>>> print(open('run.txt').read())   # compact mmCIF, C-alpha atoms and all ligand atoms
# COMPACT_ATOMS: atom_id res chain seq x y z
CA MET A 9 -64.06 -8.20 -0.01
CA GLY A 10 -60.76 -7.56 -1.85
CA GLY A 11 -62.64 -6.53 -5.03
CA ARG A 12 -64.56 -3.66 -3.47
CA LEU A 13 -61.65 -2.36 -1.54
CA THR A 14 -59.23 -2.28 -4.51
CA VAL A 15 -61.43 -0.26 -6.89
CA TYR A 16 -60.84 3.14 -5.30
CA PRO A 17 -57.10 2.85 -4.58
CA VAL A 18 -56.45 1.95 -8.22
CA ARG A 19 -58.28 5.07 -9.40
CA TRP A 20 -56.40 7.18 -6.91
CA ARG A 21 -53.17 5.78 -8.20
CA HIS A 22 -54.10 6.79 -11.74
CA LEU A 23 -54.92 10.27 -10.54
CA LEU A 24 -51.64 10.46 -8.69
CA SER A 25 -49.58 9.45 -11.72
CA LEU A 26 -51.40 12.08 -13.77
CA LEU A 27 -50.44 14.64 -11.15
CA ILE A 28 -46.81 13.52 -11.28
CA VAL A 29 -46.76 13.83 -15.07
CA PHE A 30 -48.03 17.40 -14.81
CA ALA A 31 -45.67 18.20 -11.96
CA LEU A 32 -42.62 17.09 -13.99
CA PRO A 33 -43.14 18.51 -17.48
CA ALA A 34 -40.69 17.58 -20.23
CA PHE A 35 -38.10 20.33 -19.87
CA ALA A 36 -35.54 20.58 -22.66
CA GLY A 37 -32.20 21.51 -21.19
CA TRP A 38 -28.82 20.46 -19.87
CA TYR A 39 -28.74 17.73 -17.23
CA GLU A 40 -25.78 16.73 -15.12
CA LYS A 41 -24.88 14.05 -12.57
CA GLU A 42 -21.71 13.35 -10.62
CA GLU A 43 -20.69 10.41 -8.43
CA THR A 44 -17.49 8.99 -6.96
CA ILE A 45 -16.78 5.70 -8.74
CA MET A 46 -13.46 3.96 -9.60
CA GLY A 47 -11.82 6.07 -6.91
CA THR A 48 -12.48 9.23 -8.90
CA SER A 49 -15.15 11.71 -9.86
CA VAL A 50 -17.39 10.38 -12.63
CA SER A 51 -19.75 12.80 -14.32
CA VAL A 52 -22.18 12.88 -17.19
CA LYS A 53 -23.72 15.92 -18.81
CA LEU A 54 -26.23 15.92 -21.64
CA TRP A 55 -28.82 17.91 -23.48
CA HIS A 56 -32.25 16.32 -23.55
CA PRO A 57 -35.79 17.41 -24.34
CA ASP A 58 -37.21 15.40 -21.44
CA ALA A 59 -36.17 15.66 -17.78
CA ASN A 60 -37.37 12.18 -16.80
CA LYS A 61 -35.61 10.52 -19.71
CA ALA A 62 -32.41 12.50 -19.03
CA GLU A 63 -32.43 11.25 -15.42
CA GLN A 64 -32.90 7.67 -16.61
CA ILE A 65 -30.05 7.88 -19.13
CA MET A 66 -27.69 9.37 -16.54
CA ALA A 67 -28.64 6.63 -14.05
CA ASP A 68 -27.89 4.02 -16.74
CA VAL A 69 -24.44 5.55 -17.36
CA MET A 70 -23.63 5.54 -13.64
CA ALA A 71 -24.82 1.93 -13.32
CA GLU A 72 -22.49 0.94 -16.17
CA MET A 73 -19.58 2.72 -14.47
CA ARG A 74 -20.29 0.87 -11.22
CA ARG A 75 -20.50 -2.44 -13.08
CA ILE A 76 -17.12 -1.86 -14.73
CA ASP A 77 -15.57 -0.86 -11.40
CA ALA A 78 -16.96 -3.99 -9.68
CA SER A 79 -15.37 -6.13 -12.38
CA LEU A 80 -12.02 -4.40 -12.99
CA SER A 81 -10.99 -2.84 -9.68
CA PRO A 82 -7.86 -4.28 -8.07
CA PHE A 83 -9.14 -2.95 -4.72
CA ILE A 84 -12.33 -5.04 -4.73
CA GLU A 85 -11.56 -8.61 -3.68
CA THR A 86 -14.51 -10.06 -5.57
CA SER A 87 -13.69 -8.33 -8.87
CA GLU A 88 -12.81 -10.44 -11.88
CA LEU A 89 -9.43 -8.72 -11.99
CA SER A 90 -8.60 -9.66 -8.38
CA ARG A 91 -9.60 -13.27 -9.08
CA VAL A 92 -7.30 -13.36 -12.10
CA ASN A 93 -4.42 -11.90 -10.07
CA ARG A 94 -4.92 -14.61 -7.43
CA THR A 95 -5.17 -17.57 -9.80
CA ALA A 96 -3.76 -16.94 -13.30
CA ALA A 97 -0.22 -18.07 -12.47
CA ARG A 98 -1.42 -21.57 -11.55
CA ALA A 99 -3.22 -22.42 -14.80
CA PRO A 100 -4.99 -20.56 -17.62
CA VAL A 101 -8.16 -19.01 -16.18
CA PRO A 102 -11.32 -18.32 -18.16
CA VAL A 103 -12.08 -14.60 -18.35
CA SER A 104 -14.99 -12.55 -19.64
CA ARG A 105 -14.88 -11.32 -23.24
CA GLU A 106 -14.74 -7.81 -21.81
CA LEU A 107 -11.60 -8.45 -19.74
CA ALA A 108 -9.97 -10.32 -22.65
CA THR A 109 -10.69 -7.38 -24.98
CA ILE A 110 -9.16 -4.87 -22.56
CA VAL A 111 -6.05 -6.98 -21.94
CA ASP A 112 -5.72 -7.48 -25.69
CA LYS A 113 -5.79 -3.72 -26.26
CA ALA A 114 -3.30 -3.17 -23.42
CA LEU A 115 -0.90 -5.70 -25.00
CA TRP A 116 -1.24 -3.91 -28.34
CA PHE A 117 -0.09 -0.67 -26.72
CA SER A 118 2.77 -2.51 -24.99
CA GLU A 119 3.97 -3.70 -28.38
CA ARG A 120 3.60 -0.26 -29.93
CA SER A 121 5.54 1.41 -27.11
CA GLN A 122 8.29 -1.16 -26.50
CA GLY A 123 6.80 -1.84 -23.09
CA ALA A 124 6.31 1.75 -21.85
CA PHE A 125 2.67 0.84 -21.38
CA ASP A 126 2.62 -2.39 -19.43
CA ILE A 127 -0.22 -3.59 -17.19
CA THR A 128 2.24 -5.87 -15.37
CA PHE A 129 3.71 -2.69 -13.85
CA ALA A 130 1.48 -3.84 -10.98
CA SER A 131 3.92 -6.64 -10.10
CA VAL A 132 5.86 -3.83 -8.36
CA GLY A 133 3.09 -1.21 -8.49
CA HIS A 134 0.86 -3.02 -5.99
CA LEU A 135 3.38 -2.12 -3.28
CA TYR A 136 2.71 1.61 -3.69
CA ASP A 137 0.03 3.20 -1.53
CA TYR A 138 -0.07 6.92 -2.27
CA ARG A 139 -2.55 7.77 0.47
CA LYS A 140 -0.46 5.99 3.11
CA GLN A 141 2.75 7.32 1.53
CA GLN A 142 4.13 3.81 1.10
CA GLN A 143 6.48 2.52 -1.58
CA PRO A 144 8.45 -0.68 -2.10
CA ASP A 145 11.89 -0.71 -0.50
CA GLU A 146 14.95 -1.27 -2.65
CA GLN A 147 15.08 -5.01 -1.99
CA GLN A 148 11.41 -5.55 -2.85
CA ARG A 149 11.70 -3.48 -6.01
CA GLN A 150 14.75 -5.40 -7.24
CA ALA A 151 13.17 -8.76 -6.40
CA LEU A 152 10.06 -7.99 -8.46
CA LEU A 153 11.39 -5.79 -11.26
CA ASP A 154 11.71 -8.54 -13.88
CA ALA A 155 8.11 -9.56 -13.19
CA ILE A 156 7.17 -6.32 -14.98
CA ASP A 157 7.08 -7.71 -18.48
CA TYR A 158 4.00 -8.01 -20.64
CA HIS A 159 5.53 -11.04 -22.37
CA LEU A 160 4.73 -12.94 -19.17
CA ILE A 161 1.02 -12.58 -19.97
CA GLU A 162 -0.47 -15.30 -22.13
CA LEU A 163 -3.85 -14.33 -23.55
CA ASP A 164 -5.68 -17.01 -25.50
CA ARG A 165 -8.02 -14.90 -27.60
CA ASP A 166 -10.06 -17.84 -28.92
CA LYS A 167 -10.56 -19.59 -25.62
CA SER A 168 -10.71 -16.29 -23.68
CA THR A 169 -8.25 -17.39 -21.01
CA LEU A 170 -5.38 -15.65 -19.25
CA PHE A 171 -2.21 -17.21 -17.92
CA PHE A 172 0.73 -15.59 -16.10
CA LYS A 173 4.04 -17.30 -16.77
CA ASP A 174 5.47 -16.12 -13.45
CA PRO A 175 3.83 -16.31 -10.00
CA ARG A 176 5.04 -12.77 -9.18
CA VAL A 177 3.03 -11.20 -12.00
CA GLN A 178 0.08 -8.96 -11.22
CA ILE A 179 -1.91 -6.79 -13.61
CA ASP A 180 -3.75 -3.51 -13.10
CA LEU A 181 -5.95 -1.80 -15.69
CA GLY A 182 -5.90 1.67 -14.09
CA GLY A 183 -4.25 3.08 -17.22
CA ILE A 184 -6.97 1.94 -19.63
CA ALA A 185 -10.21 1.12 -17.77
CA LYS A 186 -11.49 4.68 -17.37
CA GLY A 187 -11.10 5.40 -21.07
CA TYR A 188 -12.95 2.19 -21.84
CA ALA A 189 -15.65 3.19 -19.34
CA VAL A 190 -16.24 6.67 -20.82
CA ASP A 191 -16.64 5.09 -24.27
CA ARG A 192 -19.25 2.72 -22.82
CA GLY A 193 -21.00 5.71 -21.24
CA ALA A 194 -20.97 7.57 -24.56
CA ALA A 195 -22.43 4.49 -26.28
CA ILE A 196 -25.37 4.61 -23.83
CA LEU A 197 -25.94 8.28 -24.68
CA ARG A 198 -25.84 7.53 -28.38
CA ARG A 199 -28.23 4.59 -28.02
CA HIS A 200 -30.70 7.08 -26.55
CA SER A 201 -30.12 9.48 -29.46
CA VAL A 202 -28.33 12.05 -27.29
CA GLU A 203 -26.44 14.37 -29.64
CA HIS A 204 -24.73 16.71 -27.19
CA GLY A 205 -23.06 15.44 -24.04
CA THR A 206 -19.93 14.46 -22.15
CA VAL A 207 -18.96 11.52 -20.01
CA ASN A 208 -16.00 12.04 -17.73
CA ALA A 209 -14.07 9.74 -15.37
CA GLY A 210 -11.14 11.46 -13.65
CA GLY A 211 -8.77 12.51 -16.41
CA ASP A 212 -10.71 10.85 -19.21
CA SER A 213 -13.51 12.52 -21.15
CA ARG A 214 -15.60 11.48 -24.10
CA ILE A 215 -17.32 14.35 -25.88
CA LEU A 216 -20.42 13.81 -28.00
CA GLY A 217 -21.25 16.46 -30.57
CA ASP A 218 -20.76 20.12 -29.73
CA LYS A 219 -22.30 22.23 -26.98
CA ARG A 220 -25.28 23.14 -29.16
CA GLY A 221 -23.73 25.56 -31.58
CA GLU A 222 -20.42 26.13 -29.82
CA PRO A 223 -17.50 23.86 -28.99
CA TRP A 224 -17.00 22.38 -25.55
CA ILE A 225 -14.15 24.14 -23.78
CA ILE A 226 -11.91 21.62 -22.06
CA GLY A 227 -9.15 22.90 -19.79
CA ILE A 228 -5.84 21.10 -19.34
CA LYS A 229 -4.95 21.63 -15.69
CA LYS A 230 -1.95 23.62 -14.60
CA PRO A 231 0.16 20.81 -13.15
CA ARG A 232 1.16 22.95 -10.18
CA GLY A 233 -2.03 25.04 -9.85
CA GLN A 234 -3.23 26.54 -6.59
CA ARG A 235 -6.10 24.89 -4.74
CA GLY A 236 -8.29 28.00 -4.48
CA ASP A 237 -7.97 28.99 -8.16
CA SER A 238 -11.12 29.30 -10.28
CA PRO A 239 -11.52 26.59 -12.98
CA ARG A 240 -10.25 29.06 -15.60
CA ASP A 241 -7.21 29.96 -13.48
CA GLN A 242 -6.54 26.27 -12.84
CA ALA A 243 -6.22 25.63 -16.58
CA ALA A 244 -2.87 25.86 -18.33
CA ILE A 245 -4.49 25.54 -21.76
CA MET A 246 -8.11 25.74 -22.92
CA LEU A 247 -9.06 23.61 -25.92
CA PRO A 248 -12.26 24.11 -27.94
CA LEU A 249 -13.42 20.58 -28.78
CA SER A 250 -16.31 18.59 -30.19
CA ASP A 251 -16.90 14.92 -30.96
CA THR A 252 -13.66 13.61 -29.51
CA ALA A 253 -12.05 11.88 -26.57
CA ILE A 254 -9.38 13.47 -24.41
CA SER A 255 -7.34 11.80 -21.68
CA THR A 256 -4.92 13.50 -19.34
CA SER A 257 -2.24 11.82 -17.24
CA GLY A 258 -0.67 14.01 -14.59
CA ASP A 259 1.87 13.44 -11.83
CA TYR A 260 -0.35 15.53 -9.52
CA GLU A 261 -3.27 13.08 -9.53
CA ARG A 262 -2.01 10.53 -7.03
CA TYR A 263 1.30 11.23 -5.34
CA PHE A 264 3.28 12.00 -2.22
CA ILE A 265 6.66 13.61 -1.69
CA ASP A 266 9.31 11.22 -0.41
CA THR A 267 10.80 12.97 2.60
CA ALA A 268 14.26 11.35 2.28
CA SER A 269 14.88 12.26 -1.38
CA GLY A 270 12.41 15.13 -1.84
CA ARG A 271 11.18 13.26 -4.94
CA ARG A 272 7.58 13.13 -6.08
CA VAL A 273 6.36 9.53 -5.89
CA HIS A 274 3.37 9.30 -8.24
CA HIS A 275 1.13 6.73 -9.86
CA ILE A 276 2.63 6.44 -13.36
CA ILE A 277 5.34 3.81 -13.24
CA ASN A 278 8.25 3.43 -15.60
CA PRO A 279 8.32 -0.35 -16.27
CA ASP A 280 12.13 -0.25 -16.65
CA THR A 281 12.68 0.95 -13.09
CA GLY A 282 9.50 0.15 -11.16
CA GLN A 283 9.57 3.78 -10.05
CA SER A 284 7.60 6.89 -10.98
CA ALA A 285 8.27 8.12 -14.51
CA THR A 286 10.19 11.39 -14.73
CA GLY A 287 10.66 14.15 -17.29
CA VAL A 288 7.08 15.25 -17.92
CA VAL A 289 4.35 16.37 -15.57
CA SER A 290 1.24 16.23 -17.76
CA VAL A 291 0.17 14.61 -21.01
CA SER A 292 -3.17 15.04 -22.77
CA VAL A 293 -4.03 12.87 -25.76
CA LEU A 294 -6.89 13.58 -28.16
CA GLY A 295 -8.44 11.00 -30.46
CA PRO A 296 -11.65 9.32 -31.48
CA GLY A 297 -12.11 7.12 -28.39
CA GLY A 298 -11.12 6.88 -24.74
CA PHE A 299 -10.15 3.21 -25.09
CA ASP A 300 -7.14 4.53 -27.06
CA THR A 301 -6.54 8.00 -25.62
CA ASP A 302 -6.40 6.70 -22.02
CA PRO A 303 -3.60 4.16 -22.50
CA LEU A 304 -1.87 6.57 -24.88
CA SER A 305 -1.70 9.37 -22.30
CA THR A 306 -0.05 7.00 -19.82
CA THR A 307 2.26 5.68 -22.54
CA VAL A 308 3.41 9.13 -23.67
CA PHE A 309 3.98 10.09 -20.03
CA VAL A 310 6.40 7.16 -19.64
CA LEU A 311 8.05 7.68 -23.05
CA GLY A 312 8.77 11.37 -22.43
CA VAL A 313 8.65 14.33 -24.83
CA GLU A 314 10.70 13.14 -27.79
CA GLN A 315 9.59 9.51 -28.08
CA GLY A 316 6.07 10.38 -26.98
CA LEU A 317 5.60 12.99 -29.72
CA SER A 318 7.10 10.64 -32.26
CA LEU A 319 4.62 7.89 -31.32
CA ILE A 320 1.60 10.21 -31.51
CA ASN A 321 2.74 11.75 -34.80
CA ARG A 322 2.85 8.25 -36.28
CA LEU A 323 -0.74 7.49 -35.21
CA PRO A 324 -3.29 9.05 -37.59
CA GLY A 325 -6.23 10.69 -35.80
CA PHE A 326 -4.36 11.31 -32.53
CA ASP A 327 -2.80 14.44 -31.08
CA CYS A 328 -1.22 15.39 -27.78
CA VAL A 329 -0.12 18.22 -25.54
CA ILE A 330 2.81 17.52 -23.22
CA ILE A 331 3.95 19.75 -20.36
CA ASP A 332 7.49 18.86 -19.40
CA SER A 333 9.08 19.16 -15.96
CA ARG A 334 10.41 22.63 -16.82
CA GLY A 335 6.89 23.82 -17.62
CA GLN A 336 7.45 23.91 -21.37
CA VAL A 337 4.49 22.93 -23.54
CA HIS A 338 4.95 20.61 -26.55
CA TYR A 339 2.32 19.92 -29.22
CA SER A 340 2.04 17.08 -31.71
CA ASP A 341 2.09 17.99 -35.42
CA GLY A 342 -1.71 18.24 -35.71
CA LEU A 343 -1.91 20.82 -32.92
CA ALA A 344 1.36 22.72 -33.24
CA PRO A 345 0.58 26.45 -33.21
CA PRO A 346 1.05 27.86 -36.74
CA VAL A 347 4.50 29.37 -37.28
CA LYS A 348 4.54 32.84 -38.90
CA PRO A 349 6.64 32.99 -42.09
CA ASP A 350 9.20 35.34 -40.46
CA GLN A 351 9.66 32.91 -37.54
CA LYS A 352 10.77 30.06 -39.77
P1 LIG B 1 -3.62 7.58 -16.18
O1 LIG B 1 -4.07 8.48 -15.09
O2 LIG B 1 -4.63 7.27 -17.21
O3 LIG B 1 -2.32 7.96 -16.77
O4 LIG B 1 -3.35 6.17 -15.54
C1 LIG B 1 -2.51 6.02 -14.46
C2 LIG B 1 -2.78 4.65 -13.97
O5 LIG B 1 -2.27 3.73 -14.92
C3 LIG B 1 -2.08 4.35 -12.67
O6 LIG B 1 -2.87 4.72 -11.58
C4 LIG B 1 -1.88 2.86 -12.80
O7 LIG B 1 -3.05 2.19 -12.41
C5 LIG B 1 -1.68 2.62 -14.27
N1 LIG B 1 -0.26 2.62 -14.70
C6 LIG B 1 0.80 3.23 -14.12
N2 LIG B 1 1.92 3.05 -14.83
C7 LIG B 1 1.57 2.29 -15.90
C8 LIG B 1 2.30 1.76 -17.01
N3 LIG B 1 3.60 1.98 -17.18
N4 LIG B 1 1.60 1.04 -17.92
C9 LIG B 1 0.28 0.80 -17.77
N5 LIG B 1 -0.45 1.28 -16.76
C10 LIG B 1 0.18 2.02 -15.83
MG MG B 2 -4.41 7.51 -19.31
>>> encode(input="run.txt", output="structure tokens")
Amino acid sequence: MGGRLTVYPVRWRHLLSLLIVFALPAFAGWYEKEETIMGTSVSVKLWHPDANKAEQIMADVMAEMRRIDASLSPFIETSELSRVNRTAARAPVPVSRELATIVDKALWFSERSQGAFDITFASVGHLYDYRKQQQPDEQQRQALLDAIDYHLIELDRDKSTLFFKDPRVQIDLGGIAKGYAVDRGAAILRRHSVEHGTVNAGGDSRILGDKRGEPWIIGIKKPRGQRGDSPRDQAAIMLPLSDTAISTSGDYERYFIDTASGRRVHHIINPDTGQSATGVVSVSVLGPGGFDTDPLSTTVFVLGVEQGLSLINRLPGFDCVIIDSRGQVHYSDGLAPPVKPDQK
């Protein structure tokens, strides 16, 4: 009975799939997708000759972003990061190669910046809640301040284990994970032979190729822009870019104004004080990959104009634009606007 009945439905199905193929022809063009992941807007844009394939590639990128978030978010109790924060002070805990690689990179930037970049900022940082306008009180901050110290992290690279030498230590990868994620997204595009595209997660973008014959125009936001402004009006500086990564750290991303002091309490923490870094309001770093530009933008923000520029100028292949708290713009050597002979 089954045999007779299944013959016709199978043919119908074939006919249907033929119809679908004709209904969705392979359109060459730009394709775009945006989702909220990692507590921020994640987007991918690409040029592709085939609409169906473009959709599939963008879905793959989003799935990768969700996977990274599920593993590295400090706000998800089941994430690998949360598990490490709960257990790594008791004994060395085995961690994935991926987490070990990211912590390794973070420690490298800590060394290079004399601790300005330090994922143990979270030992105090976990007490900030910008949406609820909460911050640690003076006593809490003082009691935890010396638990901000990357030397308290013991990473065994061969065994892939992590150990915290102090029970007060917590780590947070918010200053590096998005840059890592956009690189992973770009790798997916490249694997599918995409030549023109961008992957963006909050302030971190990875740009593949050019925009088919012209550069991508990336705007660095006016730190104190108006909400209703057009994208062009919201930009302090427009940069024509191709084949690069750019990461921006700004004090306007996550913050509240402390009513008692009138101070802006924002998400980039100076490890020396356990409080928001001061002196600059926005830093954008350009370089070959987000896994470097993301931690570097946070690092330069903490270091400030002078030390920040000096660090970037010592790193071949990297450049930066810093807007200080007086609104002045500073460029690294590779970007500095050319000086006319009579201005010298
Ligand atoms: P970004 O927007 O890339 O500058 O990253 C800011 C995020 O980095 C914050 O939300 C924190 O999760 C994390 N962070 C803040 N201060 C530091 C610091 N001093 N070192 C490393 N990560 C930090
Ligand atoms: Mg950053």
>>> residues_near_ligand(input="run.txt", ligand="ligand LIG 1 (chain B)", cutoff="9 Å", atoms="only C-alpha atoms and all ligand atoms", output="compact mmCIF listing (two decimals) with C-alpha atoms, keeping the file's coordinate frame")
# COMPACT_ATOMS: atom_id res chain seq x y z
CA ALA A 114 -3.30 -3.17 -23.42
CA SER A 118 2.77 -2.51 -24.99
CA GLY A 123 6.80 -1.84 -23.09
CA ALA A 124 6.31 1.75 -21.85
CA PHE A 125 2.67 0.84 -21.38
CA ASP A 126 2.62 -2.39 -19.43
CA ILE A 127 -0.22 -3.59 -17.19
CA THR A 128 2.24 -5.87 -15.37
CA PHE A 129 3.71 -2.69 -13.85
CA ALA A 130 1.48 -3.84 -10.98
CA GLY A 133 3.09 -1.21 -8.49
CA ILE A 179 -1.91 -6.79 -13.61
CA ASP A 180 -3.75 -3.51 -13.10
CA LEU A 181 -5.95 -1.80 -15.69
CA GLY A 182 -5.90 1.67 -14.09
CA GLY A 183 -4.25 3.08 -17.22
CA ILE A 184 -6.97 1.94 -19.63
CA ALA A 185 -10.21 1.12 -17.77
CA LYS A 186 -11.49 4.68 -17.37
CA GLY A 187 -11.10 5.40 -21.07
CA GLY A 210 -11.14 11.46 -13.65
CA GLY A 211 -8.77 12.51 -16.41
CA ASP A 212 -10.71 10.85 -19.21
CA SER A 255 -7.34 11.80 -21.68
CA THR A 256 -4.92 13.50 -19.34
CA SER A 257 -2.24 11.82 -17.24
CA GLY A 258 -0.67 14.01 -14.59
CA ASP A 259 1.87 13.44 -11.83
CA GLU A 261 -3.27 13.08 -9.53
CA ARG A 262 -2.01 10.53 -7.03
CA HIS A 274 3.37 9.30 -8.24
CA HIS A 275 1.13 6.73 -9.86
CA ILE A 276 2.63 6.44 -13.36
CA ILE A 277 5.34 3.81 -13.24
CA ASN A 278 8.25 3.43 -15.60
CA PRO A 279 8.32 -0.35 -16.27
CA ASP A 280 12.13 -0.25 -16.65
CA GLY A 282 9.50 0.15 -11.16
CA SER A 284 7.60 6.89 -10.98
CA ALA A 285 8.27 8.12 -14.51
CA VAL A 291 0.17 14.61 -21.01
CA THR A 301 -6.54 8.00 -25.62
CA ASP A 302 -6.40 6.70 -22.02
CA PRO A 303 -3.60 4.16 -22.50
CA LEU A 304 -1.87 6.57 -24.88
CA SER A 305 -1.70 9.37 -22.30
CA THR A 306 -0.05 7.00 -19.82
CA THR A 307 2.26 5.68 -22.54
CA PHE A 309 3.98 10.09 -20.03
CA VAL A 310 6.40 7.16 -19.64
>>> closest_residue(input="run.txt", among="A:Leu160, A:Val273, A:Leu319, A:Ala209", to="A:Val293", atoms="all atoms listed in the file")
A:Leu319
>>> residues_near_point(input="run.txt", point="(-14.9, 0.3, -16.8)", cutoff="6 Å", atoms="all atoms listed in the file", output="ChimeraX atom specification")
/A:73,76-77,185-186,188-189
>>> residues_around(input="run.txt", residues="A:Arg232", least_positions_apart="4", cutoff="12 Å", atoms="all atoms listed in the file", output="list in words")
Ile228, Asp237, Asp241, Gln242, Ala243, Ala244, Gly258, Asp259, Tyr260, Glu261, Val289, Ser290, Ile331, Asp332, Ser333, Arg334 and Gly335 of chain A
>>> residues_around(input="run.txt", residues="A:Val92", least_positions_apart="5", cutoff="9 Å", atoms="all atoms listed in the file", output="MDAnalysis selection string")
chainID A and resid 87 97 101:103 170:171 178:179
>>> closest_residue(input="run.txt", among="A:Asn321, A:Gln283, A:Gln336, A:Ser213", to="ligand MG 2 (chain B)", atoms="all atoms listed in the file")
A:Ser213
>>> atom_distance(input="run.txt", atom1="atom CA of A:Glu222", atom2="atom CA of A:His204")
10.7 Å
>>> residues_near_point(input="run.txt", point="(-24.2, 13.5, -31.6)", cutoff="8 Å", atoms="only C-alpha atoms", output="list in words")
Arg198, Ser201, Val202, Glu203, His204, Gly205, Leu216, Gly217, Asp218 and Asp251 of chain A
>>> closest_residue(input="run.txt", among="A:Leu343, A:Ile245, A:Leu135, A:Ala67", to="A:Cys328", atoms="all atoms listed in the file")
A:Leu343
>>> closest_residue(input="run.txt", among="A:Met46, A:Ile254, A:Ile320, A:Ala344", to="ligand MG 2 (chain B)", atoms="all atoms listed in the file")
A:Ile254
>>> closest_residue(input="run.txt", among="A:Leu115, A:Leu197, A:Val132, A:Val177", to="A:Arg165", atoms="only C-alpha atoms")
A:Leu115
>>> atom_distance(input="run.txt", atom1="atom CA of A:Arg192", atom2="atom CA of A:Asp300")
13.0 Å
>>> closest_residue(input="run.txt", among="A:Ile226, A:Gln142, A:His338, A:Thr206", to="A:Thr267", atoms="only C-alpha atoms")
A:Gln142
>>> atom_distance(input="run.txt", atom1="atom CA of A:Leu317", atom2="atom CA of A:Tyr339")
7.7 Å
>>> build_atoms(input="run.txt", residues="stretch 86-99 of chain A", atoms="N, CA, C and O atoms", output="PDB file, in the coordinates of the input")
ATOM      1  N   THR A  86     -13.643  -9.191  -4.772  1.00  0.00           N
ATOM      2  CA  THR A  86     -14.510 -10.060  -5.570  1.00  0.00           C
ATOM      3  C   THR A  86     -14.494  -9.706  -7.051  1.00  0.00           C
ATOM      4  O   THR A  86     -15.201 -10.324  -7.840  1.00  0.00           O
ATOM      5  N   SER A  87     -13.694  -8.708  -7.449  1.00  0.00           N
ATOM      6  CA  SER A  87     -13.690  -8.330  -8.870  1.00  0.00           C
ATOM      7  C   SER A  87     -13.046  -9.436  -9.713  1.00  0.00           C
ATOM      8  O   SER A  87     -12.244 -10.237  -9.203  1.00  0.00           O
ATOM      9  N   GLU A  88     -13.400  -9.451 -10.975  1.00  0.00           N
ATOM     10  CA  GLU A  88     -12.810 -10.440 -11.880  1.00  0.00           C
ATOM     11  C   GLU A  88     -11.295 -10.256 -11.935  1.00  0.00           C
ATOM     12  O   GLU A  88     -10.527 -11.219 -11.926  1.00  0.00           O
ATOM     13  N   LEU A  89     -10.863  -9.000 -11.927  1.00  0.00           N
ATOM     14  CA  LEU A  89      -9.430  -8.720 -11.990  1.00  0.00           C
ATOM     15  C   LEU A  89      -8.689  -9.307 -10.787  1.00  0.00           C
ATOM     16  O   LEU A  89      -7.629  -9.930 -10.933  1.00  0.00           O
ATOM     17  N   SER A  90      -9.245  -9.123  -9.581  1.00  0.00           N
ATOM     18  CA  SER A  90      -8.600  -9.660  -8.380  1.00  0.00           C
ATOM     19  C   SER A  90      -8.521 -11.187  -8.454  1.00  0.00           C
ATOM     20  O   SER A  90      -7.511 -11.790  -8.074  1.00  0.00           O
ATOM     21  N   ARG A  91      -9.591 -11.799  -8.954  1.00  0.00           N
ATOM     22  CA  ARG A  91      -9.600 -13.270  -9.080  1.00  0.00           C
ATOM     23  C   ARG A  91      -8.489 -13.718 -10.030  1.00  0.00           C
ATOM     24  O   ARG A  91      -7.738 -14.655  -9.731  1.00  0.00           O
ATOM     25  N   VAL A  92      -8.345 -13.013 -11.129  1.00  0.00           N
ATOM     26  CA  VAL A  92      -7.300 -13.360 -12.100  1.00  0.00           C
ATOM     27  C   VAL A  92      -5.922 -13.209 -11.435  1.00  0.00           C
ATOM     28  O   VAL A  92      -5.063 -14.090 -11.564  1.00  0.00           O
ATOM     29  N   ASN A  93      -5.716 -12.106 -10.717  1.00  0.00           N
ATOM     30  CA  ASN A  93      -4.420 -11.900 -10.070  1.00  0.00           C
ATOM     31  C   ASN A  93      -4.108 -12.992  -9.045  1.00  0.00           C
ATOM     32  O   ASN A  93      -2.956 -13.327  -8.823  1.00  0.00           O
ATOM     33  N   ARG A  94      -5.151 -13.554  -8.429  1.00  0.00           N
ATOM     34  CA  ARG A  94      -4.920 -14.610  -7.430  1.00  0.00           C
ATOM     35  C   ARG A  94      -4.637 -15.951  -8.087  1.00  0.00           C
ATOM     36  O   ARG A  94      -3.925 -16.766  -7.517  1.00  0.00           O
ATOM     37  N   THR A  95      -5.185 -16.194  -9.278  1.00  0.00           N
ATOM     38  CA  THR A  95      -5.170 -17.570  -9.800  1.00  0.00           C
ATOM     39  C   THR A  95      -4.457 -17.796 -11.134  1.00  0.00           C
ATOM     40  O   THR A  95      -4.129 -18.929 -11.470  1.00  0.00           O
ATOM     41  N   ALA A  96      -4.195 -16.730 -11.911  1.00  0.00           N
ATOM     42  CA  ALA A  96      -3.760 -16.940 -13.300  1.00  0.00           C
ATOM     43  C   ALA A  96      -2.336 -17.488 -13.434  1.00  0.00           C
ATOM     44  O   ALA A  96      -1.931 -17.886 -14.527  1.00  0.00           O
ATOM     45  N   ALA A  97      -1.569 -17.511 -12.351  1.00  0.00           N
ATOM     46  CA  ALA A  97      -0.220 -18.070 -12.470  1.00  0.00           C
ATOM     47  C   ALA A  97      -0.218 -19.581 -12.259  1.00  0.00           C
ATOM     48  O   ALA A  97       0.768 -20.256 -12.543  1.00  0.00           O
ATOM     49  N   ARG A  98      -1.357 -20.116 -11.777  1.00  0.00           N
ATOM     50  CA  ARG A  98      -1.420 -21.570 -11.550  1.00  0.00           C
ATOM     51  C   ARG A  98      -1.768 -22.311 -12.835  1.00  0.00           C
ATOM     52  O   ARG A  98      -1.162 -23.310 -13.174  1.00  0.00           O
ATOM     53  N   ALA A  99      -2.769 -21.801 -13.542  1.00  0.00           N
ATOM     54  CA  ALA A  99      -3.220 -22.420 -14.800  1.00  0.00           C
ATOM     55  C   ALA A  99      -4.009 -21.367 -15.559  1.00  0.00           C
ATOM     56  O   ALA A  99      -4.448 -20.379 -14.961  1.00  0.00           O
TER      57      ALA A  99
END
